[in-house]
file start-v1.pdb (PDB, C-alpha atoms)
ATOM      1  CA  MET A   1     126.215   9.578 -95.539  1.00  0.00           C
ATOM      2  CA  VAL A   2     129.726   8.157 -95.557  1.00  0.00           C
ATOM      3  CA  LEU A   3     132.911  10.206 -95.733  1.00  0.00           C
ATOM      4  CA  HIS A   4     135.302   8.615 -98.232  1.00  0.00           C
ATOM      5  CA  GLU A   5     138.398  10.275 -99.673  1.00  0.00           C
ATOM      6  CA  GLY A   6     137.253  13.680 -98.469  1.00  0.00           C
ATOM      7  CA  ARG A   7     133.786  13.487-100.060  1.00  0.00           C
ATOM      8  CA  LEU A   8     130.378  12.549 -98.676  1.00  0.00           C
ATOM      9  CA  HIS A   9     128.667   9.615-100.382  1.00  0.00           C
ATOM     10  CA  ARG A  10     125.184   8.202 -99.823  1.00  0.00           C
ATOM     11  CA  ALA A  11     125.451   4.822 -98.090  1.00  0.00           C
ATOM     12  CA  ARG A  12     123.283   2.049 -99.524  1.00  0.00           C
ATOM     13  CA  TYR A  13     124.499  -0.864 -97.381  1.00  0.00           C
ATOM     14  CA  HIS A  14     125.618  -1.311 -93.796  1.00  0.00           C
ATOM     15  CA  VAL A  15     127.435  -4.616 -93.208  1.00  0.00           C
ATOM     16  CA  VAL A  16     128.026  -5.858 -89.680  1.00  0.00           C
ATOM     17  CA  GLY A  17     130.553  -8.607 -88.951  1.00  0.00           C
ATOM     18  CA  SER A  18     133.096  -9.535 -86.335  1.00  0.00           C
ATOM     19  CA  GLN A  19     136.855  -9.264 -86.212  1.00  0.00           C
ATOM     20  CA  VAL A  20     136.953 -12.161 -83.724  1.00  0.00           C
ATOM     21  CA  ARG A  21     137.170 -15.559 -85.419  1.00  0.00           C
ATOM     22  CA  GLY A  22     134.291 -17.867 -84.512  1.00  0.00           C
ATOM     23  CA  VAL A  23     132.206 -15.183 -82.807  1.00  0.00           C
ATOM     24  CA  PHE A  24     129.568 -12.897 -84.308  1.00  0.00           C
ATOM     25  CA  ASN A  25     127.873 -11.666 -81.154  1.00  0.00           C
ATOM     26  CA  LEU A  26     128.136 -12.797 -77.539  1.00  0.00           C
ATOM     27  CA  GLY A  27     125.233 -10.718 -76.283  1.00  0.00           C
ATOM     28  CA  GLY A  28     125.283  -8.515 -73.214  1.00  0.00           C
ATOM     29  CA  ASP A  29     127.773  -8.575 -70.358  1.00  0.00           C
ATOM     30  CA  LEU A  30     125.672 -10.485 -67.849  1.00  0.00           C
ATOM     31  CA  SER A  31     128.471 -10.518 -65.261  1.00  0.00           C
ATOM     32  CA  LEU A  32     128.590  -6.723 -65.303  1.00  0.00           C
ATOM     33  CA  ALA A  33     124.803  -6.459 -65.107  1.00  0.00           C
ATOM     34  CA  GLU A  34     124.741  -8.855 -62.137  1.00  0.00           C
ATOM     35  CA  LEU A  35     127.529  -6.947 -60.395  1.00  0.00           C
ATOM     36  CA  LEU A  36     125.691  -3.632 -60.835  1.00  0.00           C
ATOM     37  CA  ILE A  37     122.393  -5.114 -59.647  1.00  0.00           C
ATOM     38  CA  ARG A  38     123.950  -6.711 -56.542  1.00  0.00           C
ATOM     39  CA  ALA A  39     125.716  -3.414 -55.744  1.00  0.00           C
ATOM     40  CA  ARG A  40     122.386  -1.590 -56.204  1.00  0.00           C
ATOM     41  CA  ASP A  41     124.228   0.718 -58.611  1.00  0.00           C
ATOM     42  CA  ARG A  42     121.223   2.124 -60.448  1.00  0.00           C
ATOM     43  CA  LYS A  43     123.273   4.838 -62.154  1.00  0.00           C
ATOM     44  CA  GLY A  44     125.851   2.330 -63.434  1.00  0.00           C
ATOM     45  CA  LEU A  45     123.163  -0.101 -64.614  1.00  0.00           C
ATOM     46  CA  THR A  46     121.332   2.709 -66.419  1.00  0.00           C
ATOM     47  CA  ARG A  47     124.588   3.798 -68.092  1.00  0.00           C
ATOM     48  CA  TYR A  48     125.256   0.198 -69.227  1.00  0.00           C
ATOM     49  CA  ALA A  49     121.682  -0.210 -70.521  1.00  0.00           C
ATOM     50  CA  ARG A  50     121.868   3.052 -72.489  1.00  0.00           C
ATOM     51  CA  ARG A  51     125.157   1.978 -74.088  1.00  0.00           C
ATOM     52  CA  CYS A  52     123.540  -1.298 -75.157  1.00  0.00           C
ATOM     53  CA  ILE A  53     120.560   0.549 -76.614  1.00  0.00           C
ATOM     54  CA  ASP A  54     122.720   3.164 -78.351  1.00  0.00           C
ATOM     55  CA  CYS A  55     124.742   0.387 -79.947  1.00  0.00           C
ATOM     56  CA  MET A  56     121.635  -1.130 -81.581  1.00  0.00           C
ATOM     57  CA  HIS A  57     119.374   1.875 -82.175  1.00  0.00           C
ATOM     58  CA  GLY A  58     121.127   3.264 -85.237  1.00  0.00           C
ATOM     59  CA  ARG A  59     121.100  -0.083 -87.017  1.00  0.00           C
ATOM     60  CA  MET A  60     117.473  -0.758 -86.148  1.00  0.00           C
ATOM     61  CA  ARG A  61     116.485   2.650 -87.559  1.00  0.00           C
ATOM     62  CA  HIS A  62     118.739   2.234 -90.631  1.00  0.00           C
ATOM     63  CA  HIS A  63     120.791   5.199 -89.368  1.00  0.00           C
ATOM     64  CA  GLY A  64     117.972   7.486 -90.519  1.00  0.00           C
ATOM     65  CA  LEU A  65     118.338   6.446 -94.161  1.00  0.00           C
ATOM     66  CA  ALA A  66     115.207   4.925 -95.710  1.00  0.00           C
ATOM     67  CA  ALA A  67     117.134   3.292 -98.567  1.00  0.00           C
ATOM     68  CA  LEU A  68     119.847   1.707 -96.384  1.00  0.00           C
ATOM     69  CA  THR A  69     120.051  -2.104 -96.441  1.00  0.00           C
ATOM     70  CA  THR A  70     121.525  -3.659 -93.295  1.00  0.00           C
ATOM     71  CA  ILE A  71     123.411  -6.942 -93.602  1.00  0.00           C
ATOM     72  CA  SER A  72     124.710  -9.261 -90.875  1.00  0.00           C
ATOM     73  CA  LEU A  73     127.686 -11.373 -91.946  1.00  0.00           C
ATOM     74  CA  VAL A  74     127.490 -14.167 -89.363  1.00  0.00           C
ATOM     75  CA  GLN A  75     130.589 -16.356 -89.197  1.00  0.00           C
ATOM     76  CA  GLY A  76     130.494 -17.814 -85.713  1.00  0.00           C
ATOM     77  CA  ASP A  77     128.502 -17.978 -82.498  1.00  0.00           C
ATOM     78  CA  ALA A  78     125.514 -15.651 -82.598  1.00  0.00           C
ATOM     79  CA  LEU A  79     124.209 -15.134 -79.084  1.00  0.00           C
ATOM     80  CA  GLY A  80     122.246 -12.224 -77.681  1.00  0.00           C
ATOM     81  CA  ARG A  81     119.837  -9.802 -79.331  1.00  0.00           C
ATOM     82  CA  GLY A  82     122.191  -8.397 -81.970  1.00  0.00           C
ATOM     83  CA  PHE A  83     121.412 -11.225 -84.367  1.00  0.00           C
ATOM     84  CA  GLU A  84     117.631 -11.061 -84.102  1.00  0.00           C
ATOM     85  CA  GLU A  85     117.423  -7.312 -84.528  1.00  0.00           C
ATOM     86  CA  GLU A  86     119.005  -7.214 -87.979  1.00  0.00           C
ATOM     87  CA  LYS A  87     116.077  -6.384 -90.246  1.00  0.00           C
ATOM     88  CA  ASP A  88     117.103  -6.855 -93.857  1.00  0.00           C
ATOM     89  CA  LEU A  89     119.525  -9.668 -94.590  1.00  0.00           C
ATOM     90  CA  LYS A  90     121.492 -12.281 -92.682  1.00  0.00           C
ATOM     91  CA  VAL A  91     124.348 -14.078 -94.433  1.00  0.00           C
ATOM     92  CA  MET A  92     125.619 -17.005 -92.389  1.00  0.00           C
ATOM     93  CA  LYS A  93     127.746 -20.105 -92.673  1.00  0.00           C
ATOM     94  CA  ARG A  94     125.833 -23.381 -92.864  1.00  0.00           C
ATOM     95  CA  SER A  95     126.965 -24.430 -89.348  1.00  0.00           C
ATOM     96  CA  VAL A  96     125.670 -21.162 -87.864  1.00  0.00           C
ATOM     97  CA  ALA A  97     122.322 -21.562 -89.639  1.00  0.00           C
ATOM     98  CA  ALA A  98     121.947 -25.062 -88.169  1.00  0.00           C
ATOM     99  CA  GLN A  99     122.811 -23.737 -84.691  1.00  0.00           C
ATOM    100  CA  GLN A 100     120.176 -20.984 -85.013  1.00  0.00           C
ATOM    101  CA  ARG A 101     117.486 -23.489 -86.053  1.00  0.00           C
ATOM    102  CA  ARG A 102     118.304 -25.711 -83.051  1.00  0.00           C
ATOM    103  CA  THR A 103     118.148 -22.718 -80.708  1.00  0.00           C
ATOM    104  CA  ALA A 104     114.791 -21.634 -82.124  1.00  0.00           C
ATOM    105  CA  ILE A 105     113.352 -25.132 -81.544  1.00  0.00           C
ATOM    106  CA  LEU A 106     114.462 -25.250 -77.891  1.00  0.00           C
TER     107      LEU A 106
END

call {"tool": "encode", "arguments": {"input": "start-v1.pdb", "output": "structure tokens"}}
result
Amino acid sequence: MVLHEGRLHRARYHVVGSQVRGVFNLGGDLSLAELLIRARDRKGLTRYARRCIDCMHGRMRHHGLAALTTISLVQGDALGRGFEEEKDLKVMKRSVAAQQRRTAIL
């Protein structure tokens, strides 16, 4: 459900994009993960991992709505797992599509 103008409406689409020009998804913060691992900070690494999972879980489960269509609007670099996990529809610029094909071949 989506709150709009004081009323709840059933959501049918969830569109994910980026506000940063040329970047859709940069993936995880590997520098932070490395820092936490080297410091043997299990609690910090667990907190970071849970935040990463929480960020993706709702989208992967369609936010609990069976009829929700998820859409990725990819307009730049698409690195990390966020791109692969989108289940329903990916809309991307031609240059991004070519980049994804090259990555898949490597």

call {"tool": "atom_distance", "arguments": {"input": "start-v1.pdb", "atom1": "CA of Ile37 (chain A)", "atom2": "CA of Asp54 (chain A)"}}
result
20.5 Å

call {"tool": "residues_around", "arguments": {"input": "start-v1.pdb", "residues": "Gln19 (chain A)", "least_positions_apart": "2", "cutoff": "12 Å", "atoms": "all atoms listed in the file", "output": "JSON, numbers by chain"}}
result
{"A": [16, 17, 21, 22, 23, 24, 25, 73, 74, 75, 76]}

call {"tool": "atom_distance", "arguments": {"input": "start-v1.pdb", "atom1": "CA of Met1 (chain A)", "atom2": "CA of Leu65 (chain A)"}}
result
8.6 Å

call {"tool": "closest_residue", "arguments": {"input": "start-v1.pdb", "among": "A:His9, A:Lys90, A:Arg47, A:Arg40", "to": "Ile71 (chain A)", "atoms": "only C-alpha atoms"}}
result
A:Lys90

call {"tool": "axis_aligned_box", "arguments": {"input": "start-v1.pdb", "around": "region 17-29 of chain A", "padding_each_side": "8 Å", "output": "JSON"}}
result
{"center_x": 131.2, "center_y": -13.2, "center_z": -79.7, "size_x": 27.9, "size_y": 25.4, "size_z": 34.6}

call {"tool": "atom_distance", "arguments": {"input": "start-v1.pdb", "atom1": "CA of Gly58 (chain A)", "atom2": "CA of Thr70 (chain A)"}}
result
10.6 Å

call {"tool": "resolve_selection", "arguments": {"input": "start-v1.pdb", "expression": "the PyMOL selection byres ((chain A and resi 52) around 12)", "output": "PyMOL selection string"}}
result
chain A and resi 27-30+33+45-51+53-58+80-82

call {"tool": "residues_near_point", "arguments": {"input": "start-v1.pdb", "point": "(122.2, -2.9, -90.3)", "cutoff": "9 Å", "atoms": "all atoms listed in the file", "output": "list in words"}}
result
Tyr13, His14, Val15, Val16, Met56, Gly58, Arg59, Met60, Arg61, His62, His63, Leu68, Thr69, Thr70, Ile71, Ser72, Glu85, Glu86, Lys87, Asp88 and Leu89 of chain A

call {"tool": "closest_residue", "arguments": {"input": "start-v1.pdb", "among": "A:Leu3, A:Met92, A:Ser31, A:Arg10", "to": "Ala66 (chain A)", "atoms": "all atoms listed in the file"}}
result
A:Arg10
